[in-house]
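Down below is the structure, laid out as structure tokens.
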Amino acid sequence: MTFDVVISGGRVLDGTGAPPYKADVAISGDRIAAVGRLEGARAASVIDAGGRLVAPGFVDCHAHGDAAVFDPGVQLAALRQGVTTMVLGQDGLSFAPGSAETVAYTSRYFAAVNGPLLEGPLTVAELLDGYDRSVAVNTAYLLPHGTIRYDIMGPAAHHAARDDLDLMLAHVERGLAEGACGLSTGLEYLPGRYATAAELAELCRPLGGLPYVTHMREYGSGAGVGMAEVVEIAELSGAAVHVSHLHGPADVLLPLVDEALGKGVDLTFDTYPYLRGSTILAMIALPPQVPGAETDRALEMIASAELDAWWPELAQTYPRLTISHAPGLEWAEGLTMVAAAERAGMEPGEFCRRLLIETRLEAGCVAARPDEGPAGEESVRRVLRHPSHTGGSDGIFVGAHPHPRAFGAFARFLGRHVRELGDWTWEQAVVHLASHPARRFGLADRGLLRAGFAADVVVFDPVTVGDRATYDAPRRLARGVDDVVVSGRPVLAGGELTGATPGRALRPR
């Protein structure tokens, strides 16, 4: 028996939920050739997995690596957590499909989230081709509703007319044909905020079993409003639904999830194992009457006296904000809004105003939640134990001081929530982080260690695996994952990148 790669001596977690068992994993080309006792097998590359667990590569259901994934440092951060596939195109805003003007808008509006500007025009096929075999991890892509709406309607706040819907539908149908794995929305962002449930249900009709993935209109105490709209869209369209970063009080969220499931809605969700969130500052700080999708007009209004009374109203919010990304004001990155304002000799409201103006709305922030503490931790644990949960980091890699979830979420799932707290067994963790999300996004040949499946494999030490990134030091790499194979080729060996870039742009199968 001769193979390209043999991973020998480890205990296999195959993704089915079965307990770990002693076996070797053999790889030929980009496929798993055999799983079992393979005494005498020879291979060009042998990975000694003695004392470690061997699992299918993890699927990050919610990652903002749309532009950042080309950075080897971002690839290393993902692989050190065992992530071999990133699902991009999240929150309704990314780079395709769209004209040059649309790509420029989404790049600018979501610069603090998705990373540096890509140039348009871009089709989904062109974007996927750009990822394919150019990076060390796999990528999958959701059609971003906000991008599509902007491409057809610009920043308009009115409801979509029939002609608008027909043109948006054509984008959806073409994007799906070119390999998108679903449709995403960001209903707190612009222009997605202006869409109705009827518009979204219409655009979901071509999905054919692929998910409608939504950053809901409201979370936290208002999650009932957001979830009611999710159920309405599912019932009108028949689409499967996946709720992004379902974060907040478990007593509020879990009954809503179970109620939707009880109505026959095909629903899953992702959440990350931290209490704080991260987003663009404009979403938190701009009053609703400011048209954030029209940068010049928005900046004129922010600077005007008509909004003077607005900024003090956010006094309770400023202490909870840490600046993550501030182009031109990089000295403020890593400081709270209050501390940065003190350094600048200004009131927090005035500094927030300055930050929005001088970064042209590109500033990003990490936001603490009011319920931080033991109750919030217990809520996170209860949510991720739900069987409809899948792992997602909501990772943002932009700025000198991002949220640590980009560098630690999946390692934290394993180290803290499996080994330390026992929220999952090891076999349950692999279902939540690999096989369940692969099925949800139509990646039918991923997520299991089984002959004939794609050879995405992670080898990790159950004793040492864990996150090292913190709110104060958010870019520390995780530990305990030293060997990773993507599409049959070792991409991480001894904890370091090998230089191979076999990552595929994945299309649903």
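A note on labels: chains of the structure tokens are A, B, ... as shown, every chain counts residues from 1, and ligands are counted from 1 in their shown order.
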DSSP helix (DSSP H, G or I) selection over range 143-247 of chain A, as a PyMOL selection string: chain A and resi 145-153+162-177+192-194+197-207+220-237
So which bits of range 319-416 of chain A end up strand (DSSP E or B) when you DSSP the backbone, as a list in words?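 Listing strand (DSSP E or B) positions across range 319-416 of chain A yields Leu321, Thr322, Ile323, Ser324, His325, Thr336, Gly364, Cys365, Val366, Ala367, His389, Thr390, Gly391, Gly395 and Ile396 of chain A.
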Excluding range 81-89 of chain A and any residue of its chain fewer than 4 positions from it, enumerate the residues within 6 Å of it, using only C-alpha atoms, and give them as a VMD selection string. chain A and resid 57 to 63 66 94 137 to 142 144 410 to 411 458
Mind writing the picked residues with N, CA and C atoms as a PDB file, in the first residue's frame?
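Once everything was written out, this is out19.pdb:
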```pdb
ATOM      1  N   GLY A  57     -11.216  18.586   8.923  1.00  0.00           N
ATOM      2  CA  GLY A  57     -10.973  20.013   9.095  1.00  0.00           C
ATOM      3  C   GLY A  57     -12.239  20.761   9.465  1.00  0.00           C
ATOM      4  N   PHE A  58     -12.084  21.801  10.287  1.00  0.00           N
ATOM      5  CA  PHE A  58     -13.223  22.541  10.790  1.00  0.00           C
ATOM      6  C   PHE A  58     -13.692  23.571   9.758  1.00  0.00           C
ATOM      7  N   VAL A  59     -14.993  23.820   9.761  1.00  0.00           N
ATOM      8  CA  VAL A  59     -15.620  24.782   8.858  1.00  0.00           C
ATOM      9  C   VAL A  59     -16.053  25.989   9.676  1.00  0.00           C
ATOM     10  N   ASP A  60     -15.449  27.133   9.418  1.00  0.00           N
ATOM     11  CA  ASP A  60     -15.839  28.371  10.101  1.00  0.00           C
ATOM     12  C   ASP A  60     -17.046  28.945   9.363  1.00  0.00           C
ATOM     13  N   CYS A  61     -18.223  28.784   9.963  1.00  0.00           N
ATOM     14  CA  CYS A  61     -19.475  29.166   9.305  1.00  0.00           C
ATOM     15  C   CYS A  61     -19.644  30.663   9.123  1.00  0.00           C
ATOM     16  N   HIS A  62     -18.840  31.457   9.803  1.00  0.00           N
ATOM     17  CA  HIS A  62     -19.010  32.911   9.712  1.00  0.00           C
ATOM     18  C   HIS A  62     -17.638  33.559   9.878  1.00  0.00           C
ATOM     19  N   ALA A  63     -16.975  33.828   8.758  1.00  0.00           N
ATOM     20  CA  ALA A  63     -15.638  34.428   8.781  1.00  0.00           C
ATOM     21  C   ALA A  63     -15.599  35.611   7.827  1.00  0.00           C
ATOM     22  N   ASP A  66     -12.792  37.876   3.549  1.00  0.00           N
ATOM     23  CA  ASP A  66     -13.053  38.056   2.124  1.00  0.00           C
ATOM     24  C   ASP A  66     -11.843  38.603   1.370  1.00  0.00           C
ATOM     25  N   SER A  94     -20.221  41.953   0.529  1.00  0.00           N
ATOM     26  CA  SER A  94     -18.914  41.496   0.088  1.00  0.00           C
ATOM     27  C   SER A  94     -18.679  42.031  -1.315  1.00  0.00           C
ATOM     28  N   VAL A 137      -6.173  27.700   2.771  1.00  0.00           N
ATOM     29  CA  VAL A 137      -7.447  27.203   3.292  1.00  0.00           C
ATOM     30  C   VAL A 137      -8.485  27.221   2.177  1.00  0.00           C
ATOM     31  N   ASN A 138      -9.519  26.412   2.350  1.00  0.00           N
ATOM     32  CA  ASN A 138     -10.636  26.437   1.417  1.00  0.00           C
ATOM     33  C   ASN A 138     -11.531  27.634   1.701  1.00  0.00           C
ATOM     34  N   THR A 139     -12.248  28.072   0.678  1.00  0.00           N
ATOM     35  CA  THR A 139     -13.218  29.144   0.831  1.00  0.00           C
ATOM     36  C   THR A 139     -14.546  28.722   0.218  1.00  0.00           C
ATOM     37  N   ALA A 140     -15.626  29.128   0.838  1.00  0.00           N
ATOM     38  CA  ALA A 140     -16.964  29.010   0.269  1.00  0.00           C
ATOM     39  C   ALA A 140     -17.585  30.389   0.357  1.00  0.00           C
ATOM     40  N   TYR A 141     -18.568  30.677  -0.498  1.00  0.00           N
ATOM     41  CA  TYR A 141     -19.027  32.059  -0.634  1.00  0.00           C
ATOM     42  C   TYR A 141     -20.544  32.144  -0.669  1.00  0.00           C
ATOM     43  N   LEU A 142     -21.074  33.022   0.168  1.00  0.00           N
ATOM     44  CA  LEU A 142     -22.497  33.333   0.192  1.00  0.00           C
ATOM     45  C   LEU A 142     -22.773  34.566  -0.671  1.00  0.00           C
ATOM     46  N   PRO A 144     -24.079  37.999  -1.210  1.00  0.00           N
ATOM     47  CA  PRO A 144     -24.425  39.040  -0.246  1.00  0.00           C
ATOM     48  C   PRO A 144     -25.578  39.910  -0.758  1.00  0.00           C
ATOM     49  N   PHE A 410     -12.057  28.845  17.593  1.00  0.00           N
ATOM     50  CA  PHE A 410     -12.166  27.397  17.468  1.00  0.00           C
ATOM     51  C   PHE A 410     -11.263  26.678  18.472  1.00  0.00           C
ATOM     52  N   ALA A 411     -10.126  27.246  18.768  1.00  0.00           N
ATOM     53  CA  ALA A 411      -9.282  26.664  19.814  1.00  0.00           C
ATOM     54  C   ALA A 411      -9.945  26.799  21.181  1.00  0.00           C
ATOM     55  N   VAL A 458      -7.265  17.634  10.370  1.00  0.00           N
ATOM     56  CA  VAL A 458      -6.568  18.367  11.419  1.00  0.00           C
ATOM     57  C   VAL A 458      -6.114  17.379  12.489  1.00  0.00           C
TER      58      VAL A 458
END
```
Mind checking which residues fall within 12 Å of Ala198 in chain A, counting only C-alpha atoms, ignoring those fewer than 4 positions away in the same chain, and posting them as a ChimeraX atom specification? /A:159-162,165,194,202-205,229-237
Need the shell around Ala493 in chain A: protein/DNA/RNA residues with any atom at most 10 Å away, counting only C-alpha atoms. Skip same-chain ones fewer than 2 positions apart. Format as a ChimeraX atom specification? /A:47,481-485,490-491,495-498
Output C-alpha atoms for every residue in the selection just made, as an mmCIF file, in the first residue's frame.
```
data_model
loop_
_atom_site.group_PDB
_atom_site.id
_atom_site.type_symbol
_atom_site.label_atom_id
_atom_site.label_comp_id
_atom_site.auth_asym_id
_atom_site.auth_seq_id
_atom_site.Cartn_x
_atom_site.Cartn_y
_atom_site.Cartn_z
ATOM 1 C CA ILE A 47 2.569 12.450 10.043
ATOM 2 C CA VAL A 481 -2.820 22.266 16.454
ATOM 3 C CA ASP A 482 0.487 21.594 14.712
ATOM 4 C CA ASP A 483 -0.380 19.514 11.631
ATOM 5 C CA VAL A 484 -3.126 20.248 9.095
ATOM 6 C CA VAL A 485 -3.796 18.832 5.629
ATOM 7 C CA PRO A 490 0.178 19.375 4.322
ATOM 8 C CA VAL A 491 -0.273 23.114 4.860
ATOM 9 C CA GLY A 495 2.814 24.632 13.730
ATOM 10 C CA GLU A 496 4.246 26.519 10.739
ATOM 11 C CA LEU A 497 2.963 27.117 7.222
ATOM 12 C CA THR A 498 4.518 24.801 4.637
#
```
Please measure the separation of CA of Pro191 in chain A and CA of Ala111 in chain A, giving the value in Å to one decimal. 15.4 Å
Against range 209-219 of chain A, which residues of range 138-190 of chain A fall within 7 Å? For each one I want the closest pair of atoms and the distance in Å (one decimal), counting only C-alpha atoms, rows by chain and increasing residue number, as CSV.
```
residue,atom,partner,partner_atom,distance
A:Cys181,CA,A:Leu210,CA,6.2
A:Gly182,CA,A:Pro211,CA,5.0
A:Leu183,CA,A:Tyr212,CA,5.0
A:Ser184,CA,A:Val213,CA,4.5
A:Thr185,CA,A:Thr214,CA,4.8
A:Gly186,CA,A:His215,CA,4.7
A:Leu187,CA,A:Arg217,CA,4.7
A:Glu188,CA,A:Arg217,CA,5.4
```
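Of the listed residues A:Arg276, A:Arg133, A:Arg354, A:Arg343, the one whose atoms come nearest to Ala505 in chain A is A:Arg133, with distances taken using only C-alpha atoms.
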Which residues are near Gly499 in chain A? Cut-off 9 Å, only C-alpha atoms, ignore same chain within fewer than 6 positions. Put them as a ChimeraX atom specification. /A:72,136,491-492
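The interatomic distance for the pair CA of Leu384 in chain A and CA of Thr271 in chain A works out to 6.8 Å.
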If we count only C-alpha atoms and set the cut-off at 12 Å, which residues sit around Asp423 in chain A, ignoring sequence neighbours fewer than 4 positions away in its own chain? Please answer as a list in words.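 Counting only the stated atoms, we get Pro273, Glu378, Val380, Arg381, Arg382, Val383, Leu384, Arg385, His386, Pro387, Arg412, Phe413, Leu414, Gly415, Arg416, His417, Val418, Arg419, Glu427, Gln428, Ala429 and His432 of chain A.
Distance annotation: of A:Gly334, A:Asp14, A:Leu448, A:Thr390, the residue with the minimal separation from Arg475 in chain A is A:Gly334; atom set is only C-alpha atoms.
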Just the number, please: distance in Å from CA of Asp91 in chain A to CA of Arg108 in chain A, one decimal.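 Straight-line distance from CA of Asp91 in chain A to CA of Arg108 in chain A works out to 14.9 Å.
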